[in-house]
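This is input07.cif. It holds mmCIF, C-alpha atoms.
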data_input
loop_
_atom_site.label_atom_id
_atom_site.label_comp_id
_atom_site.auth_asym_id
_atom_site.auth_seq_id
_atom_site.Cartn_x
_atom_site.Cartn_y
_atom_site.Cartn_z
CA MET A 1 -148.16 -36.56 59.46
CA ASN A 2 -147.47 -40.14 58.42
CA LYS A 3 -148.44 -41.41 55.00
CA ASN A 4 -151.31 -43.67 56.08
CA ARG A 5 -152.93 -40.98 58.09
CA ARG A 6 -152.63 -38.54 55.19
CA GLU A 7 -154.16 -41.04 52.79
CA PHE A 8 -156.98 -41.76 55.21
CA LEU A 9 -157.71 -38.05 55.63
CA HIS A 10 -157.54 -37.50 51.91
CA ARG A 11 -159.99 -40.32 51.24
CA SER A 12 -162.38 -39.19 53.99
CA LEU A 13 -162.38 -35.64 52.70
CA ALA A 14 -163.04 -36.82 49.16
CA ALA A 15 -165.94 -38.96 50.37
CA LEU A 16 -167.30 -36.07 52.39
CA ALA A 17 -167.08 -33.71 49.42
CA ALA A 18 -168.90 -36.23 47.23
CA ALA A 19 -171.64 -36.65 49.84
CA LEU A 20 -172.10 -32.90 50.15
CA ALA A 21 -172.27 -32.16 46.42
CA PRO A 22 -175.85 -31.00 45.75
CA ALA A 23 -176.16 -32.69 42.40
CA ALA A 24 -173.72 -34.61 40.26
CA LEU A 25 -174.44 -32.31 37.34
CA SER A 26 -173.07 -29.21 39.03
CA ALA A 27 -170.07 -30.87 40.67
CA ASN A 28 -167.57 -29.14 38.39
CA TRP A 29 -169.06 -25.66 38.67
CA PRO A 30 -166.05 -23.32 39.04
CA LYS A 31 -167.29 -21.64 42.22
CA GLU A 32 -164.36 -19.31 42.88
CA ALA A 33 -164.26 -17.88 39.38
CA PHE A 34 -168.01 -17.26 39.56
CA GLU A 35 -167.69 -15.38 42.85
CA THR A 36 -164.74 -13.16 41.98
CA THR A 37 -165.69 -9.50 41.72
CA GLU A 38 -162.60 -8.36 39.82
CA LEU A 39 -162.09 -8.96 36.12
CA GLN A 40 -158.33 -9.48 36.34
CA LYS A 41 -158.68 -12.04 39.12
CA ALA A 42 -161.29 -13.94 37.15
CA LEU A 43 -159.05 -13.91 34.05
CA ASP A 44 -156.09 -15.11 36.12
CA MET A 45 -158.15 -17.90 37.66
CA ILE A 46 -159.25 -19.13 34.27
CA ALA A 47 -156.20 -18.50 32.09
CA GLY A 48 -153.58 -18.29 34.82
CA GLY A 49 -151.24 -16.13 32.77
CA ASP A 50 -150.70 -15.24 29.15
CA VAL A 51 -153.64 -14.35 26.95
CA GLU A 52 -153.15 -13.47 23.29
CA GLU A 53 -155.32 -10.96 21.47
CA GLY A 54 -156.94 -12.16 18.29
CA ALA A 55 -158.09 -15.31 16.50
CA VAL A 56 -161.43 -14.89 18.30
CA THR A 57 -164.48 -13.05 17.01
CA LEU A 58 -166.85 -11.63 19.59
CA LYS A 59 -170.06 -10.15 18.24
CA VAL A 60 -171.93 -7.75 20.51
CA PRO A 61 -174.32 -4.86 19.88
CA GLY A 62 -172.50 -1.50 20.05
CA ILE A 63 -175.43 -0.08 21.96
CA ALA A 64 -177.78 -2.12 24.14
CA GLU A 65 -181.12 -0.63 25.13
CA ASP A 66 -181.75 -3.43 27.61
CA GLY A 67 -178.71 -4.36 29.65
CA GLY A 68 -180.68 -7.26 31.09
CA ALA A 69 -180.33 -9.30 27.92
CA VAL A 70 -177.46 -8.57 25.56
CA ARG A 71 -176.96 -11.05 22.73
CA VAL A 72 -173.35 -12.16 22.33
CA GLU A 73 -171.85 -14.54 19.80
CA VAL A 74 -168.36 -16.01 19.87
CA GLU A 75 -166.67 -17.73 16.99
CA THR A 76 -163.08 -18.67 16.27
CA THR A 77 -161.01 -20.25 13.52
CA LEU A 78 -158.75 -21.92 16.09
CA ASP A 79 -158.55 -25.70 16.17
CA ASN A 80 -159.01 -27.89 19.26
CA VAL A 81 -161.09 -25.37 21.16
CA GLU A 82 -161.63 -26.57 24.71
CA SER A 83 -163.64 -23.78 26.27
CA ILE A 84 -165.15 -20.33 25.74
CA SER A 85 -165.65 -17.93 28.66
CA LEU A 86 -167.64 -14.71 28.59
CA LEU A 87 -166.79 -11.90 30.99
CA VAL A 88 -168.20 -8.40 31.57
CA GLU A 89 -165.65 -6.04 33.11
CA LYS A 90 -168.04 -3.85 35.14
CA ASN A 91 -170.57 -6.43 36.28
CA PRO A 92 -170.60 -7.20 40.03
CA VAL A 93 -169.37 -10.66 39.04
CA PRO A 94 -167.42 -10.39 35.76
CA LEU A 95 -167.57 -14.06 34.74
CA THR A 96 -171.02 -14.70 33.28
CA SER A 97 -170.60 -18.10 31.68
CA GLN A 98 -168.16 -20.75 30.62
CA PHE A 99 -168.82 -23.18 27.76
CA VAL A 100 -166.94 -26.45 27.52
CA LEU A 101 -166.71 -27.89 24.03
CA HIS A 102 -166.33 -31.52 23.04
CA GLY A 103 -164.94 -33.26 19.98
CA GLN A 104 -168.01 -32.79 17.82
CA SER A 105 -168.77 -29.23 18.95
CA HIS A 106 -168.16 -26.32 16.61
CA PRO A 107 -166.14 -23.47 18.15
CA TYR A 108 -169.23 -21.29 18.31
CA ILE A 109 -171.67 -20.20 21.00
CA ALA A 110 -174.39 -17.58 21.32
CA THR A 111 -176.17 -16.51 24.49
CA ASN A 112 -177.77 -13.57 26.29
CA ILE A 113 -175.90 -11.99 29.17
CA LYS A 114 -176.49 -9.16 31.64
CA VAL A 115 -174.41 -6.02 31.15
CA ARG A 116 -175.21 -3.73 34.05
CA GLU A 117 -173.58 -0.58 32.73
CA THR A 118 -171.49 0.44 29.74
CA SER A 119 -168.58 -1.98 29.84
CA ASP A 120 -166.12 -4.08 27.94
CA VAL A 121 -167.20 -7.63 27.21
CA ILE A 122 -164.42 -10.20 26.88
CA ALA A 123 -164.52 -13.54 25.11
CA LEU A 124 -161.75 -15.84 26.32
CA VAL A 125 -161.07 -18.96 24.28
CA LYS A 126 -158.90 -21.88 25.30
CA ALA A 127 -157.48 -23.82 22.37
CA ASP A 128 -154.66 -26.36 22.49
CA GLY A 129 -153.98 -25.30 26.07
CA ARG A 130 -153.44 -21.62 25.17
CA TYR A 131 -155.71 -18.63 25.72
CA TYR A 132 -156.95 -16.07 23.21
CA SER A 133 -159.34 -13.19 23.70
CA HIS A 134 -161.41 -10.53 22.00
CA ARG A 135 -162.70 -7.47 23.84
CA ARG A 136 -165.56 -5.22 22.70
CA THR A 137 -167.40 -2.35 24.37
CA VAL A 138 -171.16 -2.43 24.87
CA ARG A 139 -172.87 0.87 25.63
CA VAL A 140 -175.87 0.35 27.85
CA THR A 141 -178.59 2.98 27.72
CA ALA A 142 -180.91 1.39 30.32
CA GLY A 143 -179.96 -0.67 33.34
CA GLY A 144 -179.89 -4.47 33.38
CA CYS A 145 -180.64 -5.91 36.77
CA SER A 146 -177.36 -7.75 37.15
CA MET B 1 -189.99 -27.11 36.57
CA ALA B 2 -191.83 -29.04 33.94
CA LYS B 3 -191.55 -27.79 30.39
CA SER B 4 -189.00 -25.10 31.14
CA ILE B 5 -187.07 -25.89 27.94
CA LYS B 6 -187.83 -24.99 24.35
CA MET B 7 -185.36 -26.38 21.85
CA ARG B 8 -185.01 -26.43 18.10
CA ALA B 9 -182.36 -28.58 16.43
CA ARG B 10 -181.91 -28.26 12.69
CA ARG B 11 -179.46 -29.91 10.35
CA LYS B 12 -177.79 -27.28 8.19
CA ASN B 13 -174.63 -27.48 6.03
CA GLY B 14 -173.59 -30.81 7.49
CA ALA B 15 -173.92 -29.73 11.10
CA VAL B 16 -176.71 -29.48 13.64
CA VAL B 17 -177.64 -26.01 14.86
CA VAL B 18 -179.31 -26.10 18.27
CA LYS B 19 -181.17 -23.13 19.70
CA VAL B 20 -182.48 -23.25 23.25
CA LEU B 21 -184.72 -21.09 25.41
CA ILE B 22 -185.12 -21.89 29.11
CA THR B 23 -187.68 -20.35 31.44
CA HIS B 24 -185.78 -19.49 34.61
CA PRO B 25 -185.61 -16.40 36.89
CA MET B 26 -181.77 -16.30 37.02
CA GLU B 27 -181.86 -14.32 40.28
CA THR B 28 -178.50 -12.84 41.23
CA GLY B 29 -179.12 -12.69 44.97
CA ARG B 30 -178.53 -8.93 44.88
CA ARG B 31 -181.98 -7.76 43.72
CA GLN B 32 -184.43 -6.31 46.22
CA ASP B 33 -188.11 -7.10 46.03
CA ARG B 34 -189.97 -3.85 45.28
CA GLU B 35 -192.82 -4.49 47.70
CA SER B 36 -191.19 -6.24 50.64
CA GLY B 37 -187.78 -4.59 50.26
CA GLU B 38 -186.21 -7.94 51.01
CA THR B 39 -183.31 -9.32 49.04
CA VAL B 40 -184.43 -12.02 46.63
CA PRO B 41 -182.23 -15.10 47.17
CA ALA B 42 -179.93 -16.22 44.38
CA HIS B 43 -181.60 -18.72 42.06
CA PHE B 44 -179.77 -19.46 38.84
CA ILE B 45 -178.87 -22.28 36.50
CA GLN B 46 -175.35 -23.55 37.10
CA LYS B 47 -174.98 -26.18 34.43
CA VAL B 48 -176.47 -27.03 31.06
CA VAL B 49 -175.58 -30.19 29.12
CA GLY B 50 -176.41 -31.14 25.55
CA GLU B 51 -176.18 -34.84 24.65
CA TYR B 52 -176.33 -36.65 21.34
CA LYS B 53 -176.35 -40.46 21.34
CA GLY B 54 -175.43 -40.44 25.01
CA GLU B 55 -172.31 -38.33 24.43
CA LYS B 56 -171.86 -34.75 25.57
CA VAL B 57 -171.66 -32.34 22.66
CA PHE B 58 -172.10 -29.23 24.72
CA GLU B 59 -171.62 -28.18 28.32
CA ALA B 60 -172.15 -24.77 29.92
CA TYR B 61 -171.38 -23.48 33.38
CA TRP B 62 -173.34 -20.37 34.27
CA GLY B 63 -173.17 -17.73 36.95
CA THR B 64 -175.66 -15.00 37.75
CA GLY B 65 -174.57 -12.93 34.73
CA VAL B 66 -176.63 -14.96 32.27
CA SER B 67 -179.93 -13.27 31.42
CA LYS B 68 -183.29 -14.18 32.85
CA ASN B 69 -185.01 -16.81 30.69
CA PRO B 70 -181.68 -17.77 29.11
CA TYR B 71 -181.12 -18.18 25.40
CA MET B 72 -178.25 -20.08 23.88
CA ALA B 73 -177.18 -21.61 20.62
CA PHE B 74 -174.50 -24.12 19.74
CA ARG B 75 -173.50 -26.30 16.78
CA PHE B 76 -172.09 -29.77 16.47
CA ASP B 77 -171.08 -32.24 13.76
CA GLY B 78 -172.62 -35.57 13.03
CA GLY B 79 -176.30 -35.41 13.90
CA GLU B 80 -178.83 -36.69 11.35
CA LYS B 81 -182.43 -35.70 10.78
CA GLY B 82 -184.83 -37.74 12.88
CA GLU B 83 -182.26 -38.45 15.59
CA LYS B 84 -182.64 -37.15 19.11
CA ILE B 85 -180.77 -34.54 21.05
CA LYS B 86 -181.17 -34.17 24.79
CA LEU B 87 -180.73 -31.04 26.86
CA SER B 88 -180.70 -30.79 30.65
CA TRP B 89 -180.02 -28.14 33.26
CA VAL B 90 -179.56 -27.97 37.02
CA ASP B 91 -179.66 -24.85 39.20
CA ASN B 92 -178.08 -23.77 42.49
CA LEU B 93 -181.14 -25.00 44.43
CA GLY B 94 -180.85 -28.47 42.94
CA GLN B 95 -183.87 -28.05 40.67
CA SER B 96 -183.49 -29.46 37.20
CA ASP B 97 -185.23 -30.25 33.94
CA SER B 98 -184.45 -32.02 30.69
CA LEU B 99 -185.94 -32.36 27.23
CA GLU B 100 -185.39 -34.58 24.22
CA GLU B 101 -186.03 -33.12 20.79
CA THR B 102 -185.84 -34.53 17.27
CA ILE B 103 -183.30 -33.09 14.85
CA GLN B 104 -185.13 -31.56 11.86
#
Once you've parsed the file, please lay out its structure as structure tokens.
Amino acid sequence: MNKNRREFLHRSLAALAAALAPAALSANWPKEAFETTELQKALDMIAGGDVEEGAVTLKVPGIAEDGGAVRVEVETTLDNVESISLLVEKNPVPLTSQFVLHGQSHPYIATNIKVRETSDVIALVKADGRYYSHRRTVRVTAGGCS
Amino acid sequence: MAKSIKMRARRKNGAVVVKVLITHPMETGRRQDRESGETVPAHFIQKVVGEYKGEKVFEAYWGTGVSKNPYMAFRFDGGEKGEKIKLSWVDNLGQSDSLEETIQ
């Protein structure tokens, strides 16, 4: 394929993708990671390799009566935190959410996630281009329609 | 989706603590309707953005694993009492909502 043709194709495809995007807001939604059904694959897609244990604090209830809404809090002492991802090992789709932080943001988030059955919950933090995680088990005593 | 957002932004220890509740079904696309037995189509928020003075201070990408009627909290530096913070979301069906709230 010659260079001009490649450039033309590239530009047309980019234009097409832009036209098809449902809304500008969701353009960067990481579709593949949110469709992966295996924890390890999701971790690989996000971190793409080495993940260190520690430096991250994940707070979860030891026992959750309602797996439909489990409160999780993530905090870290790391500097230059770029993102925080929350994954649930045994959910049909392990990746629940990904938070992107900006200059003024504190490295802290809290949210409610679905934990379908007793499972490990993993907080994955990206800071200075490296990945750190903390894993905790949540025991679910009643199902959460995930 | 008018008034789907409830937000409280408070200045505390030099930072602004923002707590948000959104009314949204967060359907996974795997649940079956009890009466009809049909699968309820996926309907979930994909992105949430928090803005202060026109700059993003918070951004979240969500899948179907976030609870129905989502709750979230975040903190950022620099906001003063009386100033505004804006929150907006968009879901997989292209529906959206936003709200501006005063920092207390």
- Message: I'd like the contact shell of Pro92 of chain A - 12 Å cut-off, only C-alpha atoms, skipping same-chain residues fewer than 4 positions apart - returned as a PyMOL selection string.
- Response: (chain A and resi 34-39+42+87-88+96+114-117+119+144-146) or (chain B and resi 28-31+63-65)
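With distances restricted to all atoms listed in the file, A:Ala33 is the closest residue to chain B from A:Ala33, A:Val60, A:Leu124, A:Val140.
Proximity of A:Leu86, A:Ile46, A:Leu78, A:Ala55 to chain B, computed with all atoms listed in the file, is greatest for A:Leu86.
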- Given a cut-off of 8 Å, which residues of chain B touch chain A, counting all atoms listed in the file, written out as a ChimeraX atom specification? /B:28,30-31,46-47,56-68,70-78,90-91,94
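For the pair atom CA of Ala47 of chain A and atom CA of Val121 of chain A, the interatomic distance is 16.2 Å.
Those residues that approach Tyr132 of chain A to within 6 Å, counting only C-alpha atoms, are Val51, Glu52, Glu53, Leu124 and Val125 of chain A; same-chain residues fewer than 5 positions away are not listed.
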- Task: One decimal, Å: what's the distance from atom CA of His134 of chain A over to atom CA of Val18 of chain B, could you say?
- Result: 24.0 Å
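A straight line drawn from atom CA of Lys6 of chain B to atom CA of Ile45 of chain B is 15.3 Å long.
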